[in-house]
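Source file: query01.cif (mmCIF, C-alpha atoms)
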```
data_final
loop_
_atom_site.label_atom_id
_atom_site.label_comp_id
_atom_site.auth_asym_id
_atom_site.auth_seq_id
_atom_site.Cartn_x
_atom_site.Cartn_y
_atom_site.Cartn_z
CA MET A 424 -64.62 -78.05 6.98
CA THR A 425 -61.87 -78.18 9.53
CA GLU A 426 -58.37 -79.31 8.76
CA VAL A 427 -59.21 -82.88 9.83
CA LEU A 428 -61.37 -83.28 6.75
CA LEU A 429 -58.56 -82.28 4.46
CA SER A 430 -55.78 -84.18 6.16
CA SER A 431 -57.23 -87.28 7.77
CA GLY A 432 -57.14 -90.20 5.40
CA ASN A 433 -58.28 -92.74 8.00
CA ALA A 434 -61.70 -91.95 9.44
CA GLY A 435 -61.25 -94.74 12.00
CA ASP A 436 -58.24 -93.16 13.63
CA ASP A 437 -60.08 -91.65 16.61
CA ASP A 438 -57.00 -90.31 18.37
CA ALA A 439 -55.75 -88.50 15.28
CA ASP A 440 -59.21 -87.10 14.59
CA ARG A 441 -59.64 -85.87 18.15
CA GLU A 442 -56.21 -84.23 18.06
CA ALA A 443 -57.11 -82.47 14.80
CA VAL A 444 -60.38 -81.22 16.30
CA GLU A 445 -58.60 -79.95 19.41
CA GLN A 446 -56.03 -78.12 17.26
CA GLU A 447 -58.81 -76.41 15.32
CA ARG A 448 -60.59 -75.51 18.55
CA ALA A 449 -57.38 -73.94 19.83
CA LYS A 450 -57.15 -71.77 16.71
CA LEU A 451 -60.77 -70.72 17.10
CA ARG A 452 -60.29 -69.96 20.78
CA GLY A 453 -57.66 -67.45 19.73
CA PHE A 454 -60.14 -66.03 17.22
CA VAL A 455 -62.90 -65.79 19.85
CA GLU A 456 -60.60 -64.19 22.42
CA GLY A 457 -59.82 -61.55 19.83
CA LEU A 458 -63.50 -60.60 19.62
CA SER A 459 -65.08 -57.91 21.73
CA ALA A 460 -68.36 -58.38 23.55
CA ASP A 461 -69.91 -55.90 21.12
CA GLU A 462 -68.81 -57.96 18.12
CA ILE A 463 -70.43 -61.05 19.59
CA LYS A 464 -73.65 -59.24 20.45
CA SER A 465 -73.85 -57.46 17.09
CA GLY A 466 -73.13 -60.57 15.04
CA GLY A 467 -69.87 -59.13 13.74
CA TRP A 468 -68.22 -62.39 14.75
CA PHE A 469 -70.00 -64.15 11.91
CA THR A 470 -68.71 -61.79 9.23
CA LYS A 471 -65.17 -62.11 10.55
CA LEU A 472 -65.42 -65.90 10.80
CA CYS A 473 -66.66 -66.25 7.21
CA ALA A 474 -63.65 -64.32 5.96
CA GLN A 475 -61.25 -66.40 8.07
CA ALA A 476 -62.94 -69.73 7.36
CA LEU A 477 -62.91 -69.35 3.59
CA ARG A 478 -59.87 -67.21 2.74
CA SER A 479 -57.13 -69.84 2.89
CA TYR A 480 -59.40 -72.89 2.77
CA THR A 481 -60.56 -72.32 -0.79
CA GLU A 482 -56.98 -72.59 -2.01
CA LYS A 483 -56.82 -76.16 -0.67
CA ALA A 484 -60.34 -77.45 -1.28
CA THR A 485 -60.24 -77.58 -5.08
CA TRP A 486 -61.93 -79.95 -7.51
CA GLU A 487 -58.49 -81.35 -8.38
CA TYR A 488 -57.81 -82.04 -4.69
CA PHE A 489 -60.96 -84.13 -4.30
CA GLN A 490 -60.34 -85.95 -7.57
CA GLN A 491 -56.88 -86.90 -6.35
CA LYS A 492 -58.07 -87.90 -2.87
CA TYR A 493 -60.99 -90.01 -4.14
CA LYS A 494 -59.65 -91.41 -7.40
CA GLY A 495 -62.38 -92.99 -9.50
CA VAL A 496 -65.22 -92.12 -7.09
CA PRO A 497 -68.24 -90.30 -8.61
CA ALA A 498 -69.25 -86.93 -7.17
CA ASP A 499 -72.15 -88.36 -5.13
CA GLY A 500 -69.81 -90.81 -3.43
CA ILE A 501 -67.27 -88.09 -2.59
CA VAL A 502 -70.00 -85.87 -1.13
CA ARG A 503 -71.30 -88.74 1.00
CA GLN A 504 -67.83 -89.34 2.45
CA GLN A 505 -67.25 -85.64 3.15
CA ILE A 506 -70.56 -85.41 5.03
CA LYS A 507 -69.60 -88.50 7.03
CA LEU A 508 -66.21 -87.02 7.99
CA ALA A 509 -67.77 -83.68 8.92
CA ALA A 510 -70.39 -85.39 11.10
CA LYS A 511 -67.67 -87.29 12.94
CA SER A 512 -65.70 -84.11 13.60
CA ALA A 513 -68.87 -82.41 14.83
CA MET A 514 -69.56 -85.23 17.30
CA ILE A 515 -65.99 -85.19 18.63
CA GLU A 516 -66.17 -81.42 19.11
CA GLY A 517 -69.55 -81.73 20.85
CA GLY A 518 -68.09 -84.16 23.35
CA ILE A 519 -65.14 -81.88 24.10
CA THR A 520 -67.37 -78.83 24.56
CA SER A 521 -69.83 -80.66 26.80
CA SER A 522 -67.06 -81.77 29.13
CA LEU A 523 -65.90 -78.16 29.51
CA TYR A 524 -69.20 -76.37 29.71
CA THR A 525 -70.84 -75.45 33.00
CA GLY A 526 -73.84 -73.25 33.80
CA THR A 527 -76.88 -72.45 31.70
CA ILE A 528 -76.75 -70.90 28.30
CA ALA A 529 -79.22 -68.18 29.28
CA ALA A 530 -76.93 -66.99 32.06
CA THR A 531 -73.90 -67.21 29.80
CA ILE A 532 -75.37 -65.16 26.97
CA GLY A 533 -77.00 -62.83 29.48
CA SER A 534 -73.61 -62.09 31.03
CA LEU A 535 -72.66 -60.28 27.84
CA GLY A 536 -75.10 -57.54 28.71
CA GLY A 537 -73.02 -56.42 31.69
CA ALA A 538 -69.66 -56.97 30.05
CA SER A 539 -67.48 -54.10 28.96
CA PRO A 540 -67.15 -53.72 25.18
CA ALA A 541 -63.65 -55.21 25.27
CA THR A 542 -64.36 -58.06 27.72
CA VAL A 543 -65.80 -61.45 26.92
CA PRO A 544 -66.77 -63.61 29.96
CA ALA A 545 -65.09 -67.03 30.16
CA GLY A 546 -68.39 -68.89 29.80
CA VAL A 547 -69.13 -67.02 26.60
CA VAL A 548 -65.70 -67.93 25.20
CA THR A 549 -66.46 -71.64 25.70
CA PHE A 550 -69.87 -71.24 24.07
CA MET A 551 -68.45 -69.22 21.17
CA VAL A 552 -65.64 -71.69 20.46
CA ASP A 553 -68.28 -74.37 20.00
CA LEU A 554 -70.47 -72.08 17.89
CA THR A 555 -67.61 -70.92 15.65
CA TYR A 556 -66.29 -74.47 15.23
CA ILE A 557 -69.63 -75.86 14.04
CA THR A 558 -70.32 -72.77 11.94
CA GLN A 559 -66.94 -73.04 10.22
CA LEU A 560 -67.30 -76.80 9.78
CA GLN A 561 -70.66 -76.48 8.07
CA ILE A 562 -69.83 -73.56 5.80
CA ARG A 563 -66.68 -75.36 4.65
CA LEU A 564 -68.66 -78.55 4.09
CA ALA A 565 -71.13 -76.65 1.91
CA TYR A 566 -68.21 -75.11 0.00
CA ASP A 567 -66.67 -78.57 -0.52
CA ILE A 568 -69.93 -79.88 -1.93
CA ALA A 569 -70.19 -76.96 -4.35
CA VAL A 570 -66.62 -77.64 -5.50
CA ILE A 571 -67.23 -81.38 -5.91
CA TYR A 572 -70.28 -80.70 -8.11
CA ARG A 573 -68.25 -78.05 -9.96
CA ILE A 574 -70.51 -75.15 -9.00
CA PRO A 575 -68.42 -71.97 -9.34
CA LEU A 576 -68.39 -69.84 -6.18
CA ASP A 577 -66.25 -66.74 -5.76
CA VAL A 578 -65.61 -66.11 -2.07
CA ASP A 579 -64.65 -62.53 -2.93
CA ASP A 580 -68.14 -61.96 -4.37
CA PRO A 581 -70.62 -60.96 -1.60
CA GLU A 582 -73.51 -62.49 -3.57
CA ASP A 583 -71.76 -65.86 -3.80
CA VAL A 584 -70.82 -65.74 -0.11
CA MET A 585 -74.43 -65.07 0.88
CA LYS A 586 -75.55 -67.91 -1.35
CA LEU A 587 -73.08 -70.22 0.39
CA VAL A 588 -74.28 -69.04 3.82
CA ARG A 589 -77.94 -69.58 2.93
CA VAL A 590 -77.22 -73.07 1.63
CA ALA A 591 -74.95 -74.05 4.53
CA PHE A 592 -77.43 -73.04 7.22
CA GLY A 593 -80.75 -73.55 5.46
CA ILE A 594 -81.71 -69.90 5.84
CA LYS A 595 -84.79 -68.54 4.08
CA ALA A 596 -86.19 -65.05 4.41
CA GLY A 597 -88.86 -64.89 7.10
CA GLU A 598 -88.17 -68.41 8.31
CA VAL A 599 -85.33 -67.99 10.79
CA ALA A 600 -87.20 -69.29 13.83
CA ARG A 601 -88.76 -72.20 11.96
CA GLY A 602 -85.46 -72.83 10.20
CA SER A 603 -83.62 -73.20 13.48
CA LEU A 604 -86.11 -75.77 14.71
CA LYS A 605 -86.31 -77.82 11.53
CA PHE A 606 -82.83 -79.22 12.21
CA VAL A 607 -83.83 -80.43 15.69
CA PRO A 608 -84.74 -84.06 16.41
CA GLY A 609 -88.47 -84.41 17.08
CA LEU A 610 -87.90 -85.71 20.60
CA VAL A 611 -86.74 -82.34 21.88
CA ARG A 612 -88.90 -79.94 19.85
CA GLN A 613 -91.60 -79.52 22.48
CA ALA A 614 -89.08 -78.75 25.21
CA LEU A 615 -87.39 -76.24 22.96
CA LYS A 616 -90.61 -74.39 22.16
CA LYS A 617 -91.14 -73.80 25.88
CA TYR A 618 -87.51 -72.86 26.37
CA TYR A 619 -87.54 -70.34 23.55
CA SER A 620 -90.33 -68.42 25.27
CA GLY A 621 -87.95 -67.43 28.07
CA PRO A 622 -85.01 -65.01 28.38
CA VAL A 623 -82.90 -66.85 25.82
CA LEU A 624 -85.14 -65.77 22.96
CA ALA A 625 -84.99 -62.17 24.14
CA ALA A 626 -81.20 -62.33 24.13
CA ALA A 627 -81.16 -63.88 20.66
CA LYS A 628 -83.25 -61.06 19.25
CA SER A 629 -80.34 -58.66 19.84
CA LEU A 630 -78.29 -60.46 17.17
CA PRO A 631 -78.63 -59.86 13.43
CA PHE A 632 -80.24 -62.26 11.01
CA VAL A 633 -77.65 -65.00 10.58
CA GLY A 634 -76.13 -64.64 14.04
CA LYS A 635 -79.59 -64.97 15.58
CA HIS A 636 -80.31 -68.10 13.57
CA LEU A 637 -77.04 -69.76 14.57
CA LEU A 638 -77.25 -68.67 18.20
CA GLN A 639 -80.75 -70.09 18.57
CA ARG A 640 -79.61 -73.36 17.06
CA ASN A 641 -76.59 -73.55 19.38
CA ILE A 642 -78.68 -72.80 22.46
CA ILE A 643 -80.44 -76.12 21.96
CA LYS A 644 -77.39 -78.06 23.08
CA PHE A 645 -77.14 -76.38 26.47
CA GLY A 646 -80.67 -75.34 27.29
CA ILE A 647 -82.16 -78.59 28.53
CA PRO A 648 -80.82 -79.54 31.98
CA GLY A 649 -79.47 -83.04 32.55
CA VAL A 650 -78.99 -84.05 28.93
CA SER A 651 -76.47 -81.53 27.66
CA ILE A 652 -73.59 -83.92 26.92
CA PRO A 653 -75.44 -86.48 24.77
CA LEU A 654 -77.61 -83.76 23.25
CA THR A 655 -74.61 -81.63 22.30
CA ILE A 656 -73.06 -84.56 20.46
CA LEU A 657 -76.37 -85.50 18.84
CA VAL A 658 -77.29 -82.00 17.70
CA ASN A 659 -73.77 -81.31 16.39
CA ARG A 660 -74.02 -84.42 14.25
CA TYR A 661 -77.64 -83.83 13.29
CA THR A 662 -77.17 -80.24 12.15
CA THR A 663 -73.98 -81.06 10.26
CA VAL A 664 -75.55 -83.97 8.39
CA ALA A 665 -78.63 -81.83 7.67
CA ALA A 666 -76.43 -78.99 6.38
CA GLY A 667 -74.48 -81.39 4.18
CA ARG A 668 -77.59 -83.03 2.75
CA HIS A 669 -79.19 -79.66 2.07
CA ALA A 670 -76.05 -78.44 0.30
CA LYS A 671 -75.97 -81.68 -1.70
CA THR A 672 -79.56 -81.18 -2.85
CA VAL A 673 -79.04 -77.55 -3.84
CA PHE A 674 -75.68 -77.89 -5.56
CA ARG A 675 -76.48 -81.23 -7.20
CA ASP A 676 -79.63 -79.73 -8.70
CA GLU A 677 -77.57 -76.81 -9.99
CA ALA A 678 -75.01 -79.22 -11.41
CA GLU A 679 -77.78 -81.03 -13.29
CA VAL A 680 -79.00 -77.73 -14.76
CA ILE A 681 -75.46 -76.83 -15.86
CA GLU A 682 -75.04 -80.30 -17.35
CA LEU A 683 -78.31 -79.87 -19.25
CA ALA A 684 -77.15 -76.54 -20.67
CA ASP A 685 -73.95 -78.18 -21.88
CA THR A 686 -75.93 -81.01 -23.51
CA LEU A 687 -78.31 -78.64 -25.30
CA ILE A 688 -75.48 -76.46 -26.62
CA ARG A 689 -73.65 -79.53 -27.95
CA ARG A 690 -76.71 -81.13 -29.54
CA THR A 691 -78.38 -78.20 -31.23
CA ARG A 692 -77.81 -77.38 -34.88
CA HIS A 693 -79.72 -74.10 -34.55
CA LEU A 694 -78.08 -72.34 -31.65
CA GLN A 695 -79.51 -68.85 -32.05
CA LEU A 696 -83.02 -70.15 -32.75
CA MET A 697 -82.80 -72.50 -29.78
CA LEU A 698 -82.08 -69.56 -27.47
CA TRP A 699 -85.20 -67.73 -28.66
CA VAL A 700 -87.31 -70.85 -28.17
CA ALA A 701 -85.75 -71.42 -24.75
CA TRP A 702 -86.68 -67.91 -23.62
CA LEU A 703 -90.24 -68.37 -24.96
CA VAL A 704 -90.68 -71.65 -23.05
CA ILE A 705 -89.21 -70.22 -19.85
CA ASN A 706 -91.63 -67.26 -20.02
CA ALA A 707 -94.66 -69.35 -21.00
CA ASP A 708 -96.30 -69.25 -17.57
CA GLY A 709 -95.33 -65.69 -16.74
CA LYS A 710 -92.81 -66.56 -14.04
CA ILE A 711 -89.17 -67.59 -14.05
CA THR A 712 -87.85 -70.04 -11.45
CA ASP A 713 -84.29 -70.11 -10.14
CA ALA A 714 -83.59 -73.26 -12.16
CA GLU A 715 -84.89 -71.66 -15.36
CA SER A 716 -82.88 -68.51 -14.73
CA LEU A 717 -79.69 -70.50 -14.11
CA LEU A 718 -80.27 -72.61 -17.22
CA PHE A 719 -80.74 -69.63 -19.52
CA GLN A 720 -77.75 -67.80 -18.07
CA ARG A 721 -75.65 -70.90 -18.69
CA LEU A 722 -77.00 -71.35 -22.23
CA THR A 723 -76.16 -67.78 -23.24
CA ARG A 724 -72.75 -67.97 -21.59
CA LEU A 725 -71.82 -71.21 -23.39
CA ALA A 726 -73.17 -69.86 -26.68
CA ARG A 727 -70.94 -66.82 -26.29
CA GLU A 728 -67.84 -68.65 -25.08
CA ARG A 729 -67.94 -71.66 -27.42
CA HIS A 730 -69.58 -70.28 -30.54
CA GLN A 731 -69.23 -66.49 -30.27
CA VAL A 732 -73.02 -66.19 -30.47
CA ASP A 733 -74.20 -63.07 -28.63
CA ASP A 734 -77.74 -62.16 -29.71
CA GLU A 735 -78.19 -58.48 -28.87
CA GLN A 736 -81.76 -58.47 -30.19
CA LEU A 737 -82.76 -61.24 -27.79
CA ALA A 738 -80.91 -59.53 -24.94
CA SER A 739 -82.96 -56.37 -25.51
CA VAL A 740 -86.34 -58.14 -25.32
CA ILE A 741 -88.57 -57.01 -22.45
CA THR A 742 -91.67 -59.09 -23.18
CA ILE A 743 -91.12 -61.89 -25.63
CA ASP A 744 -93.61 -62.03 -28.51
CA PRO A 745 -94.52 -65.62 -29.50
CA ASP A 746 -95.20 -64.47 -33.07
CA GLU A 747 -91.57 -63.32 -33.35
CA VAL A 748 -90.41 -66.81 -32.40
CA TRP A 749 -92.90 -68.52 -34.76
CA HIS A 750 -91.71 -66.27 -37.57
CA ARG A 751 -88.12 -67.39 -36.92
CA ILE A 752 -89.23 -71.03 -36.84
CA ASP A 753 -91.14 -70.73 -40.12
CA ALA A 754 -88.19 -69.03 -41.81
CA GLU A 755 -85.70 -71.74 -40.81
CA PRO A 756 -85.27 -74.56 -43.36
CA GLY A 757 -84.46 -78.15 -42.59
CA ASP A 758 -84.98 -80.53 -39.68
CA LEU A 759 -85.77 -78.70 -36.42
CA SER A 760 -86.14 -81.76 -34.18
CA ASP A 761 -83.18 -80.56 -32.11
CA VAL A 762 -85.08 -77.37 -31.26
CA VAL A 763 -88.14 -79.35 -30.19
CA TYR A 764 -85.95 -81.61 -28.06
CA ALA A 765 -84.38 -78.59 -26.38
CA ALA A 766 -87.77 -77.03 -25.65
CA GLU A 767 -89.04 -80.24 -24.07
CA ARG A 768 -85.98 -80.54 -21.83
CA ILE A 769 -86.07 -76.87 -20.86
CA ALA A 770 -89.76 -77.05 -19.90
CA THR A 771 -89.08 -79.79 -17.34
CA VAL A 772 -86.04 -78.20 -15.69
CA ASP A 773 -88.18 -77.00 -12.77
CA GLY A 774 -90.59 -79.94 -12.64
CA ASP A 775 -93.54 -81.26 -14.63
CA LEU A 776 -94.91 -79.26 -17.52
CA ASN A 777 -97.74 -76.86 -16.75
CA MET A 778 -100.59 -76.05 -19.13
CA HIS A 779 -98.86 -72.98 -20.55
CA GLU A 780 -95.63 -74.84 -21.29
CA LYS A 781 -97.58 -77.70 -22.88
CA ALA A 782 -99.37 -75.25 -25.16
CA VAL A 783 -96.13 -73.63 -26.33
CA ILE A 784 -94.48 -76.98 -27.01
CA ALA A 785 -97.54 -78.30 -28.85
CA GLU A 786 -97.47 -75.23 -31.12
CA LEU A 787 -93.72 -75.64 -31.61
CA ARG A 788 -94.09 -79.29 -32.62
CA ASP A 789 -96.82 -78.46 -35.15
CA ARG A 790 -94.69 -75.76 -36.76
CA CYS A 791 -91.53 -77.85 -36.81
CA GLN A 792 -93.23 -80.91 -38.35
CA GLY A 793 -93.57 -79.06 -41.62
CA HIS A 794 -89.80 -78.81 -42.00
#
```

Using C-alpha cells, write down the structure that the file contains.
Amino acid sequence: MTEVLLSSGNAGDDDADREAVEQERAKLRGFVEGLSADEIKSGGWFTKLCAQALRSYTEKATWEYFQQKYKGVPADGIVRQQIKLAAKSAMIEGGITSSLYTGTIAATIGSLGGASPATVPAGVVTFMVDLTYITQLQIRLAYDIAVIYRIPLDVDDPEDVMKLVRVAFGIKAGEVARGSLKFVPGLVRQALKKYYSGPVLAAAKSLPFVGKHLLQRNIIKFGIPGVSIPLTILVNRYTTVAAGRHAKTVFRDEAEVIELADTLIRRTRHLQLMLWVAWLVINADGKITDAESLLFQRLTRLARERHQVDDEQLASVITIDPDEVWHRIDAEPGDLSDVVYAAERIATVDGDLNMHEKAVIAELRDRCQGH
C-alpha cells in the first residue's frame, strides 16, 4: 500500500489522505520519468516497480506494526480495515488522474511506437503514474494481508514474489484476458469486449504476461468516451477491493492450513506415525492439492523444529505403500485415537472427503480400534 495506509490514523481526514496520495504520485512520477519507452513497452517497468514497492515497505509493514496499530482487533478485522483504506486511496487517485488525463488511451499507448527509446510522451507519463500507483497499492495491500495472517513471504525470493504478484492481481496461467475482465463491473463488460477488439488489444499484446494483464485492466478506465472520470474512480476502487478480497481468501486459507498443522503437531502422541498416515491420506486419490502440499510441508517442518523428528525413510518414499503404513499401525501399542483424528482432519483440508480418502480412513479406524 501507499504511505497513506501506514501513516493515516483517521480515514475521515480527506485533506490529509489526498495530500498523502499526491505525495506518492509525485514519487511515482519521478519513477516513471526515469523509465525509457522500451522499458514501458517491454514490461520492464513492472519488475522495477516490484523491487521499489517492496524493498523498504516490508521493513515497516510487519506483524508487530499491525498489532500495535489495531490493538485487540482480530486478523479478519485488521484486513477489512486495510482493504477499506486502500480502496479509499485508490478512489482519490482515480479522481486526480481523471482530472489530468486528456485524449484516448489507444492514442496514448500507440504514441510509444514512434517514441525514441529514451523518450516517454507526456500522455504516457500520466497514464503510467496511474498504473504504477494502483499496481503498487494493490501489491502492498496483498503483502499486508499476508503479514496480518502471518504467512511468511521473502521478497528476496523470486518464487515468493511471483506468488505475491499472482495473488495481488488474480493472475492464472492461460487466463490473462478473462482475468482482466473478471474485475470489471458487469455494466461495462459488453462495451469493453468491443473495445478490446480494436487497436488497444494489439498494443497490449506487445507487453509481457503481467504487464499485459495490468495494461488491459488500466485501459478500461480511459477507453469509454464520456464516462472516464466516474469510471476511473469506480474501477480503481473495484479492482482494489477485489484484489484485497482475493488476497484475504488465499492467505486466510493458508493461515488455516498452518494453524491445523500446529494443532496436529501439538495433539499427537505418535508424531512419526502420524506423518506416515498423513502422507498416505494425502496420496489416497493419486493427486496432491496445494493445500495438502502446504500442510505436509508445515507438518514436517514443525516436527523437525520442535521435536527433532526428521524421518529420512519417509522422505525417500516415491510411491507410498499402504501395507507399510498398516504394518507401522499394527506394531504400535496403545491408544491411537490421535492418529485417527489427524487423518480425518488432513483428509478435509482441501474439501469434502472423496471415496479414496474415505476408504483409507475406514481402514485406519478398523486397525486402530484394536489398540

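Distances from A:Val664, A:Ile656, A:Ile571, A:Ile562 to Lys507 in chain A were compared using only C-alpha atoms, and the smallest one belongs to A:Val664.
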
**Minimum-distance residue to Asp580 in chain A, chosen among A:Ala474, A:Ala770, A:Ile784, A:Ile568 (using only C-alpha atoms)** =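 Once distances to Asp580 in chain A are computed over only C-alpha atoms, the minimum belongs to A:Ala474.
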
**Of the listed residues A:Asp753, A:Asp758, A:Asp734, A:Asp744, that which approaches Arg692 in chain A most closely, counting only C-alpha atoms** =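 That would be A:Asp758, the residue with the smallest distance to Arg692 in chain A.
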
Please tell me which residues are no farther than 12 Å from (-74.1, -81.5, 7.3) in the file, counting all atoms listed in the file, and write them as an mmCIF file with C-alpha atoms, in the frame of the given file.
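Saved to point_32.cif:
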```cif
data_model
loop_
_atom_site.group_PDB
_atom_site.id
_atom_site.type_symbol
_atom_site.label_atom_id
_atom_site.label_comp_id
_atom_site.auth_asym_id
_atom_site.auth_seq_id
_atom_site.Cartn_x
_atom_site.Cartn_y
_atom_site.Cartn_z
ATOM 1 C CA MET A 424 -64.620 -78.050 6.980
ATOM 2 C CA VAL A 502 -70.000 -85.870 -1.130
ATOM 3 C CA ARG A 503 -71.300 -88.740 1.000
ATOM 4 C CA GLN A 504 -67.830 -89.340 2.450
ATOM 5 C CA GLN A 505 -67.250 -85.640 3.150
ATOM 6 C CA ILE A 506 -70.560 -85.410 5.030
ATOM 7 C CA LYS A 507 -69.600 -88.500 7.030
ATOM 8 C CA LEU A 508 -66.210 -87.020 7.990
ATOM 9 C CA ALA A 509 -67.770 -83.680 8.920
ATOM 10 C CA ALA A 510 -70.390 -85.390 11.100
ATOM 11 C CA LYS A 511 -67.670 -87.290 12.940
ATOM 12 C CA SER A 512 -65.700 -84.110 13.600
ATOM 13 C CA ALA A 513 -68.870 -82.410 14.830
ATOM 14 C CA MET A 514 -69.560 -85.230 17.300
ATOM 15 C CA ILE A 557 -69.630 -75.860 14.040
ATOM 16 C CA THR A 558 -70.320 -72.770 11.940
ATOM 17 C CA GLN A 559 -66.940 -73.040 10.220
ATOM 18 C CA LEU A 560 -67.300 -76.800 9.780
ATOM 19 C CA GLN A 561 -70.660 -76.480 8.070
ATOM 20 C CA ILE A 562 -69.830 -73.560 5.800
ATOM 21 C CA ARG A 563 -66.680 -75.360 4.650
ATOM 22 C CA LEU A 564 -68.660 -78.550 4.090
ATOM 23 C CA ALA A 565 -71.130 -76.650 1.910
ATOM 24 C CA TYR A 566 -68.210 -75.110 0.000
ATOM 25 C CA ASP A 567 -66.670 -78.570 -0.520
ATOM 26 C CA ILE A 568 -69.930 -79.880 -1.930
ATOM 27 C CA VAL A 590 -77.220 -73.070 1.630
ATOM 28 C CA ALA A 591 -74.950 -74.050 4.530
ATOM 29 C CA PHE A 592 -77.430 -73.040 7.220
ATOM 30 C CA GLY A 593 -80.750 -73.550 5.460
ATOM 31 C CA PHE A 606 -82.830 -79.220 12.210
ATOM 32 C CA VAL A 658 -77.290 -82.000 17.700
ATOM 33 C CA ASN A 659 -73.770 -81.310 16.390
ATOM 34 C CA ARG A 660 -74.020 -84.420 14.250
ATOM 35 C CA TYR A 661 -77.640 -83.830 13.290
ATOM 36 C CA THR A 662 -77.170 -80.240 12.150
ATOM 37 C CA THR A 663 -73.980 -81.060 10.260
ATOM 38 C CA VAL A 664 -75.550 -83.970 8.390
ATOM 39 C CA ALA A 665 -78.630 -81.830 7.670
ATOM 40 C CA ALA A 666 -76.430 -78.990 6.380
ATOM 41 C CA GLY A 667 -74.480 -81.390 4.180
ATOM 42 C CA ARG A 668 -77.590 -83.030 2.750
ATOM 43 C CA HIS A 669 -79.190 -79.660 2.070
ATOM 44 C CA ALA A 670 -76.050 -78.440 0.300
ATOM 45 C CA LYS A 671 -75.970 -81.680 -1.700
ATOM 46 C CA THR A 672 -79.560 -81.180 -2.850
#
```

**Item:** Result set of the PyMOL selection byres ((chain A and resi 483-492) around 9) on the coordinates above, as a list in words
**Value:**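 After applying the PyMOL selection byres ((chain A and resi 483-492) around 9), what remains is Leu429, Gly432, Ser479, Tyr480, Thr481, Glu482, Tyr493, Lys494, Gly495, Val496, Ala498, Ile501, Arg563, Tyr566, Asp567, Val570, Ile571, Tyr572 and Arg573 of chain A.
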
Okay, now the selection with C-alpha atoms, as a PDB file, keeping the file's coordinate frame?
```
ATOM      1  CA  LEU A 429     -58.560 -82.280   4.460  1.00  0.00           C
ATOM      2  CA  GLY A 432     -57.140 -90.200   5.400  1.00  0.00           C
ATOM      3  CA  SER A 479     -57.130 -69.840   2.890  1.00  0.00           C
ATOM      4  CA  TYR A 480     -59.400 -72.890   2.770  1.00  0.00           C
ATOM      5  CA  THR A 481     -60.560 -72.320  -0.790  1.00  0.00           C
ATOM      6  CA  GLU A 482     -56.980 -72.590  -2.010  1.00  0.00           C
ATOM      7  CA  TYR A 493     -60.990 -90.010  -4.140  1.00  0.00           C
ATOM      8  CA  LYS A 494     -59.650 -91.410  -7.400  1.00  0.00           C
ATOM      9  CA  GLY A 495     -62.380 -92.990  -9.500  1.00  0.00           C
ATOM     10  CA  VAL A 496     -65.220 -92.120  -7.090  1.00  0.00           C
ATOM     11  CA  ALA A 498     -69.250 -86.930  -7.170  1.00  0.00           C
ATOM     12  CA  ILE A 501     -67.270 -88.090  -2.590  1.00  0.00           C
ATOM     13  CA  ARG A 563     -66.680 -75.360   4.650  1.00  0.00           C
ATOM     14  CA  TYR A 566     -68.210 -75.110   0.000  1.00  0.00           C
ATOM     15  CA  ASP A 567     -66.670 -78.570  -0.520  1.00  0.00           C
ATOM     16  CA  VAL A 570     -66.620 -77.640  -5.500  1.00  0.00           C
ATOM     17  CA  ILE A 571     -67.230 -81.380  -5.910  1.00  0.00           C
ATOM     18  CA  TYR A 572     -70.280 -80.700  -8.110  1.00  0.00           C
ATOM     19  CA  ARG A 573     -68.250 -78.050  -9.960  1.00  0.00           C
TER      20      ARG A 573
END
```
